[in-house]
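Undergrad: Next comes work-v5.cif, mmCIF, C-alpha atoms and all ligand atoms:
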```cif
data_input
loop_
_atom_site.group_PDB
_atom_site.id
_atom_site.type_symbol
_atom_site.label_atom_id
_atom_site.label_comp_id
_atom_site.auth_asym_id
_atom_site.auth_seq_id
_atom_site.Cartn_x
_atom_site.Cartn_y
_atom_site.Cartn_z
ATOM 1 C CA MET D 1 12.954 -6.498 -19.274
ATOM 2 C CA LYS D 2 10.999 -5.357 -22.354
ATOM 3 C CA LYS D 3 11.735 -2.017 -23.899
ATOM 4 C CA ASN D 4 8.257 -0.505 -23.815
ATOM 5 C CA TYR D 5 5.682 -1.413 -21.218
ATOM 6 C CA GLN D 6 2.179 0.039 -21.647
ATOM 7 C CA ASN D 7 0.703 -0.549 -18.186
ATOM 8 C CA ILE D 8 2.885 -0.876 -15.103
ATOM 9 C CA VAL D 9 1.381 -1.802 -11.717
ATOM 10 C CA ILE D 10 3.451 -1.283 -8.576
ATOM 11 C CA LEU D 11 2.222 -3.016 -5.395
ATOM 12 C CA SER D 12 3.834 -1.502 -2.310
ATOM 13 C CA GLY D 13 3.930 -2.773 1.259
ATOM 14 C CA ALA D 14 5.281 -1.542 4.574
ATOM 15 C CA GLY D 15 8.857 -2.296 3.494
ATOM 16 C CA ILE D 16 8.897 0.640 1.060
ATOM 17 C CA SER D 17 8.329 2.975 4.020
ATOM 18 C CA ALA D 18 10.897 1.298 6.308
ATOM 19 C CA GLU D 19 13.720 3.607 5.143
ATOM 20 C CA SER D 20 11.460 6.539 6.032
ATOM 21 C CA GLY D 21 11.580 5.289 9.624
ATOM 22 C CA LEU D 22 8.125 3.676 9.756
ATOM 23 C CA ALA D 23 7.638 0.271 11.373
ATOM 24 C CA THR D 24 6.610 -2.672 9.248
ATOM 25 C CA PHE D 25 4.159 -5.260 10.569
ATOM 26 C CA ARG D 26 5.976 -8.584 10.767
ATOM 27 C CA SER D 27 9.606 -7.716 11.413
ATOM 28 C CA SER D 28 11.161 -8.329 14.840
ATOM 29 C CA ASN D 29 9.953 -4.942 16.181
ATOM 30 C CA GLY D 30 6.920 -4.853 13.896
ATOM 31 C CA LEU D 31 3.519 -3.426 14.727
ATOM 32 C CA TRP D 32 2.014 -6.881 15.159
ATOM 33 C CA ASN D 33 4.666 -7.751 17.718
ATOM 34 C CA ASN D 34 3.441 -4.997 20.018
ATOM 35 C CA HIS D 35 -0.300 -5.200 19.386
ATOM 36 C CA ARG D 36 -2.624 -8.132 18.743
ATOM 37 C CA VAL D 37 -4.369 -7.917 15.360
ATOM 38 C CA GLU D 38 -7.502 -9.144 17.128
ATOM 39 C CA ASP D 39 -7.467 -6.068 19.388
ATOM 40 C CA VAL D 40 -6.924 -3.308 16.810
ATOM 41 C CA ALA D 41 -7.482 -4.556 13.246
ATOM 42 C CA THR D 42 -10.786 -6.465 13.173
ATOM 43 C CA ILE D 43 -14.377 -5.184 13.027
ATOM 44 C CA GLU D 44 -15.102 -7.237 16.156
ATOM 45 C CA ALA D 45 -12.360 -5.330 18.018
ATOM 46 C CA PHE D 46 -13.927 -2.047 16.901
ATOM 47 C CA GLN D 47 -17.385 -3.125 18.052
ATOM 48 C CA ARG D 48 -15.958 -4.441 21.344
ATOM 49 C CA ASN D 49 -13.751 -1.461 22.215
ATOM 50 C CA PRO D 50 -13.943 1.434 19.723
ATOM 51 C CA GLU D 51 -12.018 3.808 22.035
ATOM 52 C CA TYR D 52 -8.999 1.451 22.113
ATOM 53 C CA VAL D 53 -9.026 1.050 18.314
ATOM 54 C CA HIS D 54 -9.375 4.808 17.747
ATOM 55 C CA ASP D 55 -6.455 5.419 20.168
ATOM 56 C CA PHE D 56 -4.247 2.921 18.268
ATOM 57 C CA TYR D 57 -4.670 4.760 14.963
ATOM 58 C CA ASN D 58 -4.707 8.259 16.518
ATOM 59 C CA GLU D 59 -1.344 7.488 18.164
ATOM 60 C CA MET D 60 0.118 6.518 14.768
ATOM 61 C CA LYS D 61 -0.852 9.814 13.113
ATOM 62 C CA PRO D 62 1.888 12.222 14.351
ATOM 63 C CA GLU D 63 4.720 9.901 13.200
ATOM 64 C CA LEU D 64 3.098 9.248 9.818
ATOM 65 C CA LEU D 65 2.446 12.972 9.375
ATOM 66 C CA ARG D 66 6.140 13.745 10.060
ATOM 67 C CA ALA D 67 7.533 10.895 7.902
ATOM 68 C CA GLN D 68 9.143 11.830 4.623
ATOM 69 C CA PRO D 69 9.294 9.773 1.411
ATOM 70 C CA ASN D 70 12.552 7.996 0.625
ATOM 71 C CA ALA D 71 14.432 7.266 -2.606
ATOM 72 C CA ALA D 72 12.118 4.355 -3.409
ATOM 73 C CA HIS D 73 8.989 6.558 -3.336
ATOM 74 C CA ARG D 74 10.786 9.236 -5.340
ATOM 75 C CA ALA D 75 11.920 6.700 -7.946
ATOM 76 C CA ILE D 76 8.281 5.725 -8.550
ATOM 77 C CA THR D 77 7.339 9.380 -9.023
ATOM 78 C CA GLU D 78 10.232 9.763 -11.479
ATOM 79 C CA LEU D 79 8.974 6.716 -13.391
ATOM 80 C CA GLN D 80 5.440 8.132 -13.540
ATOM 81 C CA LYS D 81 6.766 11.439 -14.862
ATOM 82 C CA GLY D 82 9.334 10.075 -17.335
ATOM 83 C CA TYR D 83 7.877 6.847 -18.659
ATOM 84 C CA LYS D 84 5.464 6.819 -21.629
ATOM 85 C CA GLY D 85 3.369 3.925 -20.301
ATOM 86 C CA LYS D 86 0.793 4.224 -17.482
ATOM 87 C CA VAL D 87 2.197 3.626 -13.987
ATOM 88 C CA SER D 88 -0.359 2.799 -11.254
ATOM 89 C CA ILE D 89 0.399 2.376 -7.562
ATOM 90 C CA VAL D 90 -1.604 -0.135 -5.539
ATOM 91 C CA THR D 91 -0.513 0.312 -1.951
ATOM 92 C CA GLN D 92 -1.244 -1.710 1.160
ATOM 93 C CA ASN D 93 0.173 1.157 3.189
ATOM 94 C CA VAL D 94 -2.004 3.589 5.092
ATOM 95 C CA ASP D 95 0.734 6.241 5.158
ATOM 96 C CA THR D 96 0.733 9.008 2.546
ATOM 97 C CA LEU D 97 4.388 8.817 1.497
ATOM 98 C CA HIS D 98 3.565 8.095 -2.159
ATOM 99 C CA GLU D 99 1.479 11.287 -2.219
ATOM 100 C CA LYS D 100 4.230 13.255 -0.458
ATOM 101 C CA ALA D 101 6.692 12.056 -3.120
ATOM 102 C CA GLY D 102 4.414 13.573 -5.784
ATOM 103 C CA SER D 103 3.074 10.295 -7.179
ATOM 104 C CA LYS D 104 -0.405 10.044 -8.778
ATOM 105 C CA ASN D 105 -2.734 7.121 -9.590
ATOM 106 C CA ILE D 106 -2.520 5.739 -6.046
ATOM 107 C CA TYR D 107 -4.990 3.134 -4.782
ATOM 108 C CA HIS D 108 -4.934 2.673 -0.990
ATOM 109 C CA ILE D 109 -6.545 -0.790 -0.873
ATOM 110 C CA HIS D 110 -6.153 -1.003 2.940
ATOM 111 C CA GLY D 111 -7.298 2.567 3.554
ATOM 112 C CA GLN D 112 -5.522 5.676 4.826
ATOM 113 C CA ILE D 113 -4.470 6.813 8.321
ATOM 114 C CA ASN D 114 -5.667 10.381 7.666
ATOM 115 C CA GLN D 115 -9.223 9.319 6.842
ATOM 116 C CA ALA D 116 -12.263 8.191 8.796
ATOM 117 C CA VAL D 117 -15.477 6.770 7.324
ATOM 118 C CA CYS D 118 -18.999 7.309 8.627
ATOM 119 C CA LEU D 119 -20.708 3.976 9.235
ATOM 120 C CA ASN D 120 -24.068 5.733 8.836
ATOM 121 C CA CYS D 121 -23.688 7.512 5.470
ATOM 122 C CA GLY D 122 -20.301 6.437 4.099
ATOM 123 C CA HIS D 123 -18.858 9.962 4.092
ATOM 124 C CA ILE D 124 -15.033 10.047 4.156
ATOM 125 C CA LEU D 125 -13.575 12.577 6.600
ATOM 126 C CA GLU D 126 -9.984 13.599 5.766
ATOM 127 C CA THR D 127 -8.175 14.564 8.977
ATOM 128 C CA TRP D 128 -4.834 14.198 10.744
ATOM 129 C CA SER D 129 -6.548 15.103 14.028
ATOM 130 C CA ASP D 130 -7.788 12.516 16.509
ATOM 131 C CA VAL D 131 -11.051 10.797 15.620
ATOM 132 C CA THR D 132 -13.022 9.390 18.565
ATOM 133 C CA THR D 133 -16.386 7.855 19.387
ATOM 134 C CA GLU D 134 -17.551 11.462 19.959
ATOM 135 C CA THR D 135 -16.596 12.673 16.468
ATOM 136 C CA ALA D 136 -19.721 13.670 14.526
ATOM 137 C CA CYS D 137 -19.945 13.009 10.794
ATOM 138 C CA PRO D 138 -19.644 16.390 9.004
ATOM 139 C CA HIS D 139 -22.036 15.124 6.332
ATOM 140 C CA CYS D 140 -24.962 13.436 8.104
ATOM 141 C CA GLU D 141 -24.089 14.926 11.535
ATOM 142 C CA THR D 142 -24.585 11.552 13.205
ATOM 143 C CA ASN D 143 -22.558 11.205 16.380
ATOM 144 C CA GLY D 144 -20.243 8.353 17.236
ATOM 145 C CA MET D 145 -20.406 6.533 13.896
ATOM 146 C CA MET D 146 -16.934 7.450 12.586
ATOM 147 C CA LYS D 147 -14.525 4.514 12.050
ATOM 148 C CA PRO D 148 -10.849 4.817 11.024
ATOM 149 C CA ASN D 149 -10.846 4.357 7.229
ATOM 150 C CA ILE D 150 -8.534 1.379 7.674
ATOM 151 C CA VAL D 151 -9.596 -1.915 6.110
ATOM 152 C CA PHE D 152 -9.807 -4.397 8.995
ATOM 153 C CA PHE D 153 -9.162 -8.105 8.585
ATOM 154 C CA GLY D 154 -12.422 -9.622 7.358
ATOM 155 C CA GLU D 155 -13.473 -6.456 5.511
ATOM 156 C CA ASN D 156 -13.408 -6.026 1.733
ATOM 157 C CA LEU D 157 -10.480 -4.172 0.198
ATOM 158 C CA LEU D 158 -11.052 -0.718 -1.285
ATOM 159 C CA TYR D 159 -10.835 -0.067 -5.062
ATOM 160 C CA MET D 160 -11.013 -3.762 -5.910
ATOM 161 C CA ASN D 161 -12.835 -3.259 -9.239
ATOM 162 C CA GLU D 162 -10.218 -0.765 -10.417
ATOM 163 C CA VAL D 163 -7.346 -2.935 -9.156
ATOM 164 C CA ASP D 164 -8.752 -6.060 -10.811
ATOM 165 C CA ARG D 165 -8.837 -4.208 -14.145
ATOM 166 C CA LEU D 166 -5.291 -2.864 -13.667
ATOM 167 C CA LEU D 167 -3.916 -6.333 -12.880
ATOM 168 C CA LYS D 168 -5.502 -7.877 -15.974
ATOM 169 C CA GLU D 169 -4.216 -5.056 -18.234
ATOM 170 C CA CYS D 170 -0.699 -4.754 -16.867
ATOM 171 C CA ASP D 171 2.378 -5.981 -18.726
ATOM 172 C CA LEU D 172 4.780 -5.210 -15.872
ATOM 173 C CA PHE D 173 3.985 -6.000 -12.211
ATOM 174 C CA ILE D 174 6.399 -4.809 -9.538
ATOM 175 C CA SER D 175 6.027 -5.759 -5.860
ATOM 176 C CA VAL D 176 8.021 -3.623 -3.400
ATOM 177 C CA GLY D 177 8.457 -4.270 0.325
ATOM 178 C CA THR D 178 5.674 -6.703 1.071
ATOM 179 C CA SER D 179 5.935 -10.075 2.767
ATOM 180 C CA GLY D 180 3.227 -11.502 0.518
ATOM 181 C CA VAL D 181 1.327 -13.200 3.335
ATOM 182 C CA VAL D 182 -1.931 -11.199 3.378
ATOM 183 C CA TYR D 183 -4.494 -12.001 0.672
ATOM 184 C CA PRO D 184 -5.991 -10.841 -1.619
ATOM 185 C CA ALA D 185 -3.006 -8.484 -2.160
ATOM 186 C CA ALA D 186 -0.549 -11.402 -1.955
ATOM 187 C CA GLY D 187 -2.384 -13.006 -4.887
ATOM 188 C CA PHE D 188 -2.166 -9.962 -7.192
ATOM 189 C CA VAL D 189 1.074 -11.200 -8.776
ATOM 190 C CA GLN D 190 -0.689 -14.405 -9.834
ATOM 191 C CA ILE D 191 -3.426 -12.482 -11.686
ATOM 192 C CA ALA D 192 -0.821 -10.284 -13.403
ATOM 193 C CA LYS D 193 1.361 -13.247 -14.328
ATOM 194 C CA LEU D 194 -1.559 -15.259 -15.687
ATOM 195 C CA HIS D 195 -2.458 -12.268 -17.884
ATOM 196 C CA GLY D 196 1.030 -12.108 -19.373
ATOM 197 C CA ALA D 197 2.861 -9.578 -17.217
ATOM 198 C CA ASP D 198 6.583 -9.627 -16.424
ATOM 199 C CA THR D 199 6.799 -9.809 -12.631
ATOM 200 C CA TYR D 200 9.497 -8.418 -10.327
ATOM 201 C CA GLU D 201 9.771 -8.650 -6.553
ATOM 202 C CA PHE D 202 11.838 -6.114 -4.603
ATOM 203 C CA ASN D 203 12.507 -7.193 -1.037
ATOM 204 C CA ARG D 204 15.350 -7.504 1.399
ATOM 205 C CA GLU D 205 14.720 -11.226 1.679
ATOM 206 C CA GLU D 206 12.910 -14.207 0.142
ATOM 207 C CA THR D 207 9.126 -14.092 0.622
ATOM 208 C CA SER D 208 6.602 -16.892 0.810
ATOM 209 C CA ASN D 209 4.715 -16.100 -2.417
ATOM 210 C CA ASN D 210 7.679 -15.893 -4.729
ATOM 211 C CA TYR D 211 6.479 -18.626 -7.135
ATOM 212 C CA TYR D 212 4.899 -16.175 -9.638
ATOM 213 C CA PHE D 213 7.775 -13.693 -9.727
ATOM 214 C CA ASP D 214 10.090 -13.942 -12.730
ATOM 215 C CA HIS D 215 12.741 -11.795 -11.029
ATOM 216 C CA HIS D 216 13.776 -11.169 -7.414
ATOM 217 C CA ILE D 217 15.794 -8.043 -6.682
ATOM 218 C CA PHE D 218 17.180 -8.348 -3.175
ATOM 219 C CA GLY D 219 18.235 -5.339 -1.104
ATOM 220 C CA SER D 220 16.781 -2.186 0.370
ATOM 221 C CA ALA D 221 14.188 -0.652 -1.925
ATOM 222 C CA GLY D 222 15.716 2.809 -1.442
ATOM 223 C CA SER D 223 18.797 1.481 -3.256
ATOM 224 C CA THR D 224 17.442 -1.178 -5.634
ATOM 225 C CA LEU D 225 14.346 0.556 -7.019
ATOM 226 C CA PRO D 226 16.077 3.748 -8.275
ATOM 227 C CA ILE D 227 18.542 1.601 -10.242
ATOM 228 C CA PHE D 228 15.693 -0.381 -11.803
ATOM 229 C CA VAL D 229 13.734 2.774 -12.666
ATOM 230 C CA LYS D 230 16.837 4.266 -14.324
ATOM 231 C CA GLU D 231 17.191 1.126 -16.441
ATOM 232 C CA LEU D 232 13.492 1.254 -17.427
ATOM 233 C CA LEU D 233 13.746 4.911 -18.454
ATOM 234 C CA GLU D 234 16.991 4.344 -20.390
ATOM 235 C CA SER D 235 15.656 1.247 -22.145
ATOM 236 C CA GLN D 236 12.665 3.265 -23.316
ATOM 237 C CA LYS D 237 14.930 6.029 -24.668
ATOM 238 C CA ALA D 238 16.968 3.414 -26.544
ATOM 239 C CA GLU D 239 13.738 2.391 -28.250
ATOM 240 C CA ILE D 240 12.957 5.853 -29.614
HETATM 241 N N1 LIG Q 1 13.429 -2.622 1.316
HETATM 242 C C1 LIG Q 1 12.724 -3.647 0.784
HETATM 243 N N2 LIG Q 1 11.954 -4.491 1.520
HETATM 244 C C2 LIG Q 1 11.911 -4.270 2.841
HETATM 245 C C3 LIG Q 1 12.619 -3.218 3.473
HETATM 246 C C4 LIG Q 1 13.399 -2.386 2.643
HETATM 247 N N3 LIG Q 1 14.111 -1.338 3.153
HETATM 248 N N4 LIG Q 1 12.366 -3.277 4.816
HETATM 249 C C5 LIG Q 1 11.525 -4.320 5.004
HETATM 250 N N5 LIG Q 1 11.258 -4.922 3.826
HETATM 251 C C6 LIG Q 1 10.360 -6.045 3.571
HETATM 252 C C7 LIG Q 1 10.416 -7.142 4.612
HETATM 253 O O1 LIG Q 1 11.413 -8.098 4.261
HETATM 254 C C8 LIG Q 1 8.997 -7.737 4.494
HETATM 255 O O2 LIG Q 1 8.967 -8.752 3.508
HETATM 256 O O3 LIG Q 1 9.048 -5.534 3.639
HETATM 257 C C9 LIG Q 1 8.145 -6.564 4.028
HETATM 258 C C10 LIG Q 1 7.205 -6.030 5.088
HETATM 259 O O4 LIG Q 1 6.289 -7.060 5.373
HETATM 260 P P1 LIG Q 1 5.088 -6.812 6.410
HETATM 261 O O5 LIG Q 1 5.642 -6.206 7.662
HETATM 262 O O6 LIG Q 1 4.333 -8.090 6.463
HETATM 263 O O7 LIG Q 1 4.205 -5.681 5.730
HETATM 264 P P2 LIG Q 1 3.196 -5.858 4.529
HETATM 265 O O8 LIG Q 1 3.623 -6.938 3.586
HETATM 266 O O9 LIG Q 1 2.972 -4.507 3.942
HETATM 267 O O10 LIG Q 1 1.846 -6.328 5.268
HETATM 268 C C11 LIG Q 1 0.699 -6.464 4.441
HETATM 269 O O11 LIG Q 1 -0.628 -6.906 6.408
HETATM 270 O O12 LIG Q 1 -1.276 -6.532 8.563
HETATM 271 C C12 LIG Q 1 -1.571 -6.247 7.253
HETATM 272 O O13 LIG Q 1 -2.730 -4.333 6.615
HETATM 273 C C13 LIG Q 1 -1.466 -4.770 6.981
HETATM 274 O O14 LIG Q 1 -0.992 -3.760 4.861
HETATM 275 C C14 LIG Q 1 -0.499 -4.689 5.805
HETATM 276 C C15 LIG Q 1 -0.508 -6.100 5.254
#
```
Would you mind writing the file out in structure tokens?
Ligand code: APR

TA:
Amino acid sequence: MKKNYQNIVILSGAGISAESGLATFRSSNGLWNNHRVEDVATIEAFQRNPEYVHDFYNEMKPELLRAQPNAAHRAITELQKGYKGKVSIVTQNVDTLHEKAGSKNIYHIHGQINQAVCLNCGHILETWSDVTTETACPHCETNGMMKPNIVFFGENLLYMNEVDRLLKECDLFISVGTSGVVYPAAGFVQIAKLHGADTYEFNREETSNNYYFDHHIFGSAGSTLPIFVKELLESQKAEI
């Protein structure tokens, strides 16, 4: 670990929200064990049966609205507040637990559960209420063109220009709670590593894209990440 990092990028996945009680995707009782991706997370599914896709995300909302951030989210907020370098969060998660923990500089590359996008004008509607095929766009007033602002498989990620710049500038890349199987996010560590970053992976177990990580910190992120953040903050103080 260096003493003073200038640009830290933290990539989070569903595992960081597991200790807040939210299901991950690929664990034994994961979301993709109970629903087929092809039925709820592709643009074809949305064209084929928009009511079913809207229901899937509407049914998720109450639990995600109730969920509270855990020690891992709070540790990231503490790092952002106490560390001199810039700390950016690139999250694959559609929950808002980083925001609830008080974090800033958050890029939801797979979208957000409390947003819908108008396929006619691109307006983003922020709402925790149900969105249906009847929901009119508040901006262009077109009916039935609102889609959950969730990036479906086969769609482009959000914020990719900003994220590409962050990855090329960062000198510390931290991956927390992601299985590293879904690209392009699973390839972010490679870009960071090839541009000179130190790379750390926080997970409960080995993942499939561990080649580019210099360090693997095994355990629950709610326990391992606060310890790491404390070390980062103390190492910076030692420098002063
Ligand atoms: N602490 C650390 N890691 C954990 C914890 C925990 N408490 N609990 C689970 N994990 C790890 C698991 O070991 C697993 O590697 O989190 C990872 C969760 O993996 P996935 O369920 O595949 O979730 P994720 O990597 O975020 O999926 C990426 O796939 O389907 C798409 O859009 C969806 O954003 C999602 C993307």

Undergrad: Hey, what's within 10 Å of Lys168 in chain D if we count only C-alpha atoms and toss same-chain stuff fewer than 5 positions away? As a PDB file with C-alpha atoms, keeping the file's coordinate frame, please?

TA:
```pdb
ATOM      1  CA  ASN D   7       0.703  -0.549 -18.186  1.00  0.00           C
ATOM      2  CA  VAL D 163      -7.346  -2.935  -9.156  1.00  0.00           C
ATOM      3  CA  PHE D 188      -2.166  -9.962  -7.192  1.00  0.00           C
ATOM      4  CA  ILE D 191      -3.426 -12.482 -11.686  1.00  0.00           C
ATOM      5  CA  ALA D 192      -0.821 -10.284 -13.403  1.00  0.00           C
ATOM      6  CA  LYS D 193       1.361 -13.247 -14.328  1.00  0.00           C
ATOM      7  CA  LEU D 194      -1.559 -15.259 -15.687  1.00  0.00           C
ATOM      8  CA  HIS D 195      -2.458 -12.268 -17.884  1.00  0.00           C
ATOM      9  CA  GLY D 196       1.030 -12.108 -19.373  1.00  0.00           C
ATOM     10  CA  ALA D 197       2.861  -9.578 -17.217  1.00  0.00           C
TER      11      ALA D 197
END
```

Undergrad: How would you report the residues lying within 8 Å of ligand LIG 1 (chain Q), as an NGL selection string, if you count all atoms listed in the file?

TA: :D and (12-19 or 23-27 or 30-32 or 37 or 91-94 or 110 or 151-153 or 176-182 or 185 or 202-207 or 218-222)

Undergrad: Got time to write the residues from that selection, C-alpha atoms, as a JSON list (two decimals), keeping the file's coordinate frame?

TA:
```
[["chain", "number", "residue", "atom", "x", "y", "z"],
["D", 12, "SER", "CA", 3.83, -1.50, -2.31],
["D", 13, "GLY", "CA", 3.93, -2.77, 1.26],
["D", 14, "ALA", "CA", 5.28, -1.54, 4.57],
["D", 15, "GLY", "CA", 8.86, -2.30, 3.49],
["D", 16, "ILE", "CA", 8.90, 0.64, 1.06],
["D", 17, "SER", "CA", 8.33, 2.98, 4.02],
["D", 18, "ALA", "CA", 10.90, 1.30, 6.31],
["D", 19, "GLU", "CA", 13.72, 3.61, 5.14],
["D", 23, "ALA", "CA", 7.64, 0.27, 11.37],
["D", 24, "THR", "CA", 6.61, -2.67, 9.25],
["D", 25, "PHE", "CA", 4.16, -5.26, 10.57],
["D", 26, "ARG", "CA", 5.98, -8.58, 10.77],
["D", 27, "SER", "CA", 9.61, -7.72, 11.41],
["D", 30, "GLY", "CA", 6.92, -4.85, 13.90],
["D", 31, "LEU", "CA", 3.52, -3.43, 14.73],
["D", 32, "TRP", "CA", 2.01, -6.88, 15.16],
["D", 37, "VAL", "CA", -4.37, -7.92, 15.36],
["D", 91, "THR", "CA", -0.51, 0.31, -1.95],
["D", 92, "GLN", "CA", -1.24, -1.71, 1.16],
["D", 93, "ASN", "CA", 0.17, 1.16, 3.19],
["D", 94, "VAL", "CA", -2.00, 3.59, 5.09],
["D", 110, "HIS", "CA", -6.15, -1.00, 2.94],
["D", 151, "VAL", "CA", -9.60, -1.92, 6.11],
["D", 152, "PHE", "CA", -9.81, -4.40, 8.99],
["D", 153, "PHE", "CA", -9.16, -8.10, 8.59],
["D", 176, "VAL", "CA", 8.02, -3.62, -3.40],
["D", 177, "GLY", "CA", 8.46, -4.27, 0.32],
["D", 178, "THR", "CA", 5.67, -6.70, 1.07],
["D", 179, "SER", "CA", 5.94, -10.07, 2.77],
["D", 180, "GLY", "CA", 3.23, -11.50, 0.52],
["D", 181, "VAL", "CA", 1.33, -13.20, 3.34],
["D", 182, "VAL", "CA", -1.93, -11.20, 3.38],
["D", 185, "ALA", "CA", -3.01, -8.48, -2.16],
["D", 202, "PHE", "CA", 11.84, -6.11, -4.60],
["D", 203, "ASN", "CA", 12.51, -7.19, -1.04],
["D", 204, "ARG", "CA", 15.35, -7.50, 1.40],
["D", 205, "GLU", "CA", 14.72, -11.23, 1.68],
["D", 206, "GLU", "CA", 12.91, -14.21, 0.14],
["D", 207, "THR", "CA", 9.13, -14.09, 0.62],
["D", 218, "PHE", "CA", 17.18, -8.35, -3.18],
["D", 219, "GLY", "CA", 18.24, -5.34, -1.10],
["D", 220, "SER", "CA", 16.78, -2.19, 0.37],
["D", 221, "ALA", "CA", 14.19, -0.65, -1.92],
["D", 222, "GLY", "CA", 15.72, 2.81, -1.44]]
```

Undergrad: Which residue is closest to Phe173 in chain D? Choose from D:His123, D:His73, D:His98, D:Lys86 and count only C-alpha atoms.

TA: D:Lys86

Undergrad: Would you compute the distance between CA of Leu119 in chain D and CA of Glu141 in chain D? Give it in Å to one decimal.

TA: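 CA of Glu141 in chain D lies 11.7 Å from CA of Leu119 in chain D.
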
Undergrad: By how many Å are CA of Ile150 in chain D and CA of Ile113 in chain D apart?

TA: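 Taking CA of Ile150 in chain D and CA of Ile113 in chain D, their separation equals 6.8 Å.
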
Undergrad: Name the closest residue to Val131 in chain D among the candidates D:Gln115, D:Ser20, D:Thr224, D:Gln6; distances are taken between atoms, counting all atoms listed in the file.

TA: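 Counting all atoms listed in the file, the residue closest to Val131 in chain D is D:Gln115.
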
Undergrad: When you look at Trp128 in chain D with a cut-off of 12 Å (counting only C-alpha atoms), what residues show up, excluding the ones that are within fewer than 3 positions of it in the same chain? I need them as a VMD selection string.

TA: chain D and resid 57 to 66 95 to 96 112 to 116 125 131 148

Undergrad: In Å, how far is it from CA of Phe228 in chain D to CA of Ile76 in chain D?

TA: 10.1 Å

Undergrad: Applied to the shown file, which residues does the PyMOL selection byres (((chain D and resi 157) around 6) and not hetatm) return, written as an MDAnalysis selection string?

TA: chainID D and resid 109 156 158

Undergrad: Tell me which of D:Ile10, D:Lys3, D:Leu22, D:Val117 sits closest to Ala75 in chain D, counting only C-alpha atoms.

TA: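 Nearest to Ala75 in chain D: D:Ile10.
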
Undergrad: Which of these, D:Cys121, D:Thr132, D:Met160, D:Glu126, has the shortest distance to His108 in chain D once you count only C-alpha atoms?

TA: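 Among the listed residues, D:Met160 lies closest to His108 in chain D.
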
Undergrad: Taking 5 positions as the minimum chain separation for residues in the same chain, which residues sit within 8 Å of range 47-53 of chain D when counting only C-alpha atoms? Answer as JSON, numbers by chain.

TA: {"D": [39, 40, 41, 132, 133]}

Undergrad: Would you fill the gaps in range 15-19 of chain D so it has all heavy atoms, then print it as a compact mmCIF listing (two decimals), keeping the file's coordinate frame?

TA:
```txt
# COMPACT_ATOMS: atom_id res chain seq x y z
N GLY D 15 7.40 -2.35 3.69
CA GLY D 15 8.86 -2.30 3.49
C GLY D 15 9.32 -1.09 2.71
O GLY D 15 10.43 -0.60 2.91
N ILE D 16 8.46 -0.54 1.83
CA ILE D 16 8.90 0.64 1.06
C ILE D 16 9.00 1.86 1.97
O ILE D 16 9.74 2.80 1.68
CB ILE D 16 7.96 0.92 -0.14
CG1 ILE D 16 8.68 1.83 -1.15
CG2 ILE D 16 6.63 1.56 0.31
CD1 ILE D 16 7.93 2.02 -2.46
N SER D 17 8.29 1.82 3.10
CA SER D 17 8.33 2.98 4.02
C SER D 17 9.32 2.77 5.17
O SER D 17 9.51 3.67 5.99
CB SER D 17 6.92 3.24 4.59
OG SER D 17 6.01 3.52 3.53
N ALA D 18 9.97 1.59 5.19
CA ALA D 18 10.90 1.30 6.31
C ALA D 18 12.04 2.31 6.34
O ALA D 18 12.44 2.79 7.41
CB ALA D 18 11.43 -0.12 6.16
N GLU D 19 12.57 2.68 5.17
CA GLU D 19 13.72 3.61 5.14
C GLU D 19 13.27 5.05 5.40
O GLU D 19 14.10 5.96 5.45
CB GLU D 19 14.45 3.48 3.80
CG GLU D 19 15.18 2.13 3.67
CD GLU D 19 15.55 1.78 2.25
OE1 GLU D 19 16.57 2.28 1.76
OE2 GLU D 19 14.78 1.00 1.63
```
